[in-house]
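Have a look at the structure below before the remarks.
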Amino acid sequence: MKAKIAGWLALLLLAVLIAGFPWLGDLIGERFPTSYELRLVMRAMIFAIVVIGLNLLVGLAGLISLGQAALYGLGAHVAALLSLRAGFSFAESMVFAIAIPAMMGAVLAFPTVRVRGVYLAVITIAFGLIFVNVLREWVSFTGGASGLANLPRPTLFGEQLTALRRTNFNYYYLILVCLLVAVWAQYAITYSRYGRAMRAAAQSENASRALGINVVGIRTMAFSISAGFAGLGGGLFANLALFVNYETFTFNTSVQLLLMVILGGSGTMAGPLVGTTLLFTATQFLQGLGTWQTFGYGLLLAVVLFVMPKGVVGSISGLLTRWTTRSRPRATGTWPNWGPGMEKVTARPDEAGQATLIAQGITLRFGGLTAVNGVNMEVRSGSVHALIGPNGAGKSSLLNVISGFYKPTEGQVTLFGARLSARTAPYQLARLGVARSFQNTELFSQMTVLENVLVGAHSHFQSGFAETVLRLPRFHREERAARAEGLRLLDFVGLSEFADEAAGNLPFGHQRRLEIARALALRPKLLLLDEPAAGLTHGEIDDLIGLIRGLADRGMTVILVEHHVDMIMAVSDRVTVLDYGEVIADGTVAEVQANPKVIEAYFGQGAKPGAPVLAA
Amino acid sequence: MKPILTVTGLRVSYGRIEALRGVDISVGSGEFVGIIGSNGAGKTSMLRAITGVVKPAGGSVCFDGAETTGEPSHRMVKRGMAMVPEGRMVFADQSVRDNLVLGAYSRIKSDPGGVQADIDNTLTMFPRLGERIYQQAGTLSGGEQQMLAIARGLLSRPRLLVIDELSLGLAPKILDMLFPVLIELNRKGLSILLVEQMASYALAVTHRTYVMENGRVLMEGPSSDLAHDDRVLDAYLGRRSSAAV
């Protein structure tokens, strides 16, 4: 809270400094700043706007763009062409300067369906190169090397926009306002369900899909917003310089923009401002070095990033948290903690006794390998259905078919009475009420424990993007409710003391509990648990048994893949046994336990419940 | 028994979380020692500090007569300590054979013949790996991956094998196969330090066991004694659950 207030105060101070800068001459009695310095500050502010947009893409969505200068240039050229050739007013041309790059950004997001990481970066480089080439060669449209010159001076409400005393520096302040709006938007997006979803998609795509997040959609949104900011910056630049050509928007500029994000600290609020200021100032100073300019520039970057690997803001704030927070012992609470507040998650009285899931003849092949072969299975509503079998028997594959991650090669899955089409994506199934945990835990490890659960609540929000950015009442209401429910769920699994800890710092067993809480945040009708007891002690397994039984007794259907024999026996209503992808037994616990085929394939000699496993 | 590993007053912190608050343990030469305890007790943190994955915040680690506190992992491997990490961590996109060769990384140049002999040796121990020798490690089942992780650890010819969570995600039948192999290795003179969540298994195979809680050692003693200790029965062997079922 203190840090947040300090942050806003720092921003206010910065805004006052920038706002007062043009009038500095009155104070010191000199002719300073001249139009040259004013122009530098304005260009720095424009850069900051573009960098803020890129920060959302890189820092939140984890997508690296090395073609951002092209989107910046697109905005500049749209603004220039519309006012020069079509006679659009400043305001009209700016709308298109934002909208057209934003649309282009959405198109650029399309490759993320297939490629990520370095490959995506290469695609964005390609886009940047093509863009510059088109600008240079399409002389009749863009003027080629001579560019588009003599743009009409921008006017707004009949006033000419310039950065002169005569106009009270109105263009200067217009850019400042745009910058502040960009800072606000960055804040509002980051601390909302959209920002959380972007970070979640960057950290674990599978878990995000399983929690009802349309990963392609959220990435398209990130690209589009980021491109919109680039376009805004481009439009402002064109109307400042009154001249545009391709040389401003080359690959070098893209690299510079990305460096500003990383130097400041990607994903941080102040990072873009700090990074832009540092790099922009450094560039101005280094110009005096002549031939050594590029060398000095590179050396500076290497040194700063070596000393502060998370960027200036990221590294400093990391140190501050380290120094200011004291270690305190934290204990897990008793779990499962039923009681008031859990009804919302569990209540589902109307469907008891019906079939939640019917799998008919499910076959799944990977190339020549048959992972699941003609499996029939029926899971009754409100029951705990265990799926057991040796390692490699196809249990997880079947779970992945049920949760939509794999499409069955043959067969039909019927969920909640409706046949699943082959096109149903995992995030759509999640929204229908299917939640799952993962065998090797797929938490969003750099997000806090509470944020992990909040991602699970993503699809319950009604407030849209505009409401979120404008922070309208419904946003606040829903955010408060989601936090309350999230904390209640953490309390339910006994992790409330860890709410603000990074999920990746939790011991493995606590991570399992968090995955369950996060899955429950979806308020699912069907919960799929993939080896939830792996890594838990006997005492914790007892608690887990209580939790699963409790959920089922309250009407939730649970499908459980597990190896702990004691647990399966204690909790399951029905057991299906798989071996080599086929069902070798199906029945009540007692029936399966007595089945010689199951003993042979799975239990082995010593695994009778309670008995010591081996004679030492 | 001359100890091969002595840990004194070991402390580990991650930023603001203090995971280990002064732990003393020792492993005798040729001994099979177990560590049990609930989640967050500090078991994995201790293994990380001993094997040099994290630097301890205090205390000392003595391995094989030398002070090794804070030495990086690759040096600990050269000194004769091998780690089988939690969750197997096999090199999924490389073949079983390449995984094994990488286990002998520190001596593959100087002693290729010996490495080949050791590989053959581990394949006799785990014939399933022999059948899949050119298969990508990522396509193995969980049990086979655990076999591979153990075999890979053995390839550095360790005198102390450190295993984190052998049973994680494995079917009972696989465990019945893996534990006898460990017992056999120990019988041949290998010292083993086993961290295990399933206390019943750990107490059944080890000579001596430490019980950890909240970053400290709570109890210590011969495994056969602990297996009948009331506190251990209640907290880790699930007597409560058998009563409830």
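Residue numbering restarts at 1 for every chain of the structure tokens, chains are lettered A, B, ... in their displayed order, and ligands are numbered from 1 as they appear.
Residue list for chain A within 6 Å of chain B: A:Ser327, A:Pro390, A:Asn391, A:Gly392, A:Pro507, A:Gly509, A:Ala534, A:Gly535, A:Thr537, A:His538, A:Gly539, A:His563, A:Tyr602, A:Phe603, A:Gly604, A:Ala616, counting only C-alpha atoms.
Looking only at region 445-616 of chain A, the set that DSSP places in strand (DSSP E or B) from backbone geometry is Thr448, Ala502, Leu526, Leu527, Leu528, Leu529, Asp530, Thr557, Val558, Ile559, Leu560, Val561, Arg574, Val575, Thr576, Val577, Leu578, Asp579, Glu582, Val583, Ile584, Ala585, Asp586 and Gly587 of chain A.
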Output for the residues just chosen: C-alpha atoms as a short mmCIF file (atom, residue, chain, number, x, y, z; two decimals), in the first residue's frame:
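Heads up, here's the output in again-v9.cif:
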data_model
loop_
_atom_site.label_atom_id
_atom_site.label_comp_id
_atom_site.auth_asym_id
_atom_site.auth_seq_id
_atom_site.Cartn_x
_atom_site.Cartn_y
_atom_site.Cartn_z
CA THR A 448 1.18 -14.53 -5.91
CA ALA A 502 4.96 -16.00 -4.99
CA LEU A 526 -16.75 -31.59 -12.66
CA LEU A 527 -13.32 -31.57 -11.03
CA LEU A 528 -10.48 -33.60 -12.55
CA LEU A 529 -7.58 -34.27 -10.19
CA ASP A 530 -4.38 -35.71 -11.66
CA THR A 557 -18.39 -34.73 -9.46
CA VAL A 558 -14.74 -35.69 -9.04
CA ILE A 559 -12.58 -37.80 -11.35
CA LEU A 560 -9.42 -38.83 -9.60
CA VAL A 561 -6.21 -40.24 -11.06
CA ARG A 574 -16.32 -46.27 -8.30
CA VAL A 575 -13.00 -47.28 -9.85
CA THR A 576 -11.99 -47.77 -13.47
CA VAL A 577 -8.70 -49.57 -14.05
CA LEU A 578 -6.70 -48.97 -17.21
CA ASP A 579 -3.81 -51.01 -18.54
CA GLU A 582 -7.78 -50.38 -22.19
CA VAL A 583 -10.28 -50.79 -19.38
CA ILE A 584 -9.42 -54.01 -17.55
CA ALA A 585 -11.83 -53.56 -14.67
CA ASP A 586 -14.62 -51.25 -13.61
CA GLY A 587 -16.64 -51.41 -10.45
#
Write out as number ranges by chain all residues of region 25-214 of chain B that DSSP puts in alpha helix (DSSP H) for this structure's backbone. B: 43-50, 73-79, 96-103, 112-125, 127-131, 142-154, 172-187, 199-205
Just checking: using only C-alpha atoms, which residue out of B:Gln116, B:Gln146, B:Asn121, B:Ser191 ends up closest to Gly34 (chain B)? B:Ser191
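Nearest to Arg21 (chain B) of all the residues B:Phe63, B:Leu161, B:Val96, B:Gly58 is B:Gly58, counting only C-alpha atoms.
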Set the distance at 10 Å and use only C-alpha atoms: which residues neighbour region 125-135 of chain B once local chain neighbours fewer than 3 positions away are removed? I'd like the list as a list in words. Asp93, Gln94, Ser95, Val96, Arg97, Asp98, Asn99, Leu100, Ile119, Asp120, Asn121, Thr122, Gly138, Thr139, Leu140, Gly143, Glu144, Gln145, Met147, Leu148, Ile150, Ala151, Met177, Leu178, Val181, Glu184 and Leu185 of chain B
Resulting file, chosen residues, C-alpha atoms, as a tab-separated table (two decimals), in the first residue's frame:
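The resulting again_7.tsv:
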chain	number	residue	atom	x	y	z
B	93	ASP	CA	14.53	-34.68	-25.69
B	94	GLN	CA	17.63	-36.88	-25.52
B	95	SER	CA	17.85	-40.65	-25.75
B	96	VAL	CA	18.10	-42.92	-22.72
B	97	ARG	CA	21.69	-43.66	-23.65
B	98	ASP	CA	22.62	-39.99	-23.93
B	99	ASN	CA	21.04	-39.35	-20.54
B	100	LEU	CA	23.26	-42.04	-19.08
B	119	ILE	CA	26.27	-48.26	-18.50
B	120	ASP	CA	26.07	-52.01	-19.16
B	121	ASN	CA	25.99	-52.51	-15.42
B	122	THR	CA	23.05	-50.18	-14.83
B	138	GLY	CA	10.54	-37.90	-22.43
B	139	THR	CA	8.49	-40.74	-23.92
B	140	LEU	CA	9.25	-43.12	-21.04
B	143	GLY	CA	8.52	-45.39	-13.48
B	144	GLU	CA	11.00	-45.79	-16.29
B	145	GLN	CA	12.03	-42.16	-15.96
B	147	MET	CA	14.86	-45.73	-13.14
B	148	LEU	CA	16.72	-43.59	-15.63
B	150	ILE	CA	18.74	-43.32	-10.61
B	151	ALA	CA	20.90	-44.95	-13.27
B	177	MET	CA	10.62	-52.94	-8.05
B	178	LEU	CA	12.69	-49.83	-7.27
B	181	VAL	CA	17.35	-52.15	-6.21
B	184	GLU	CA	20.90	-54.04	-3.16
B	185	LEU	CA	23.02	-51.00	-4.08
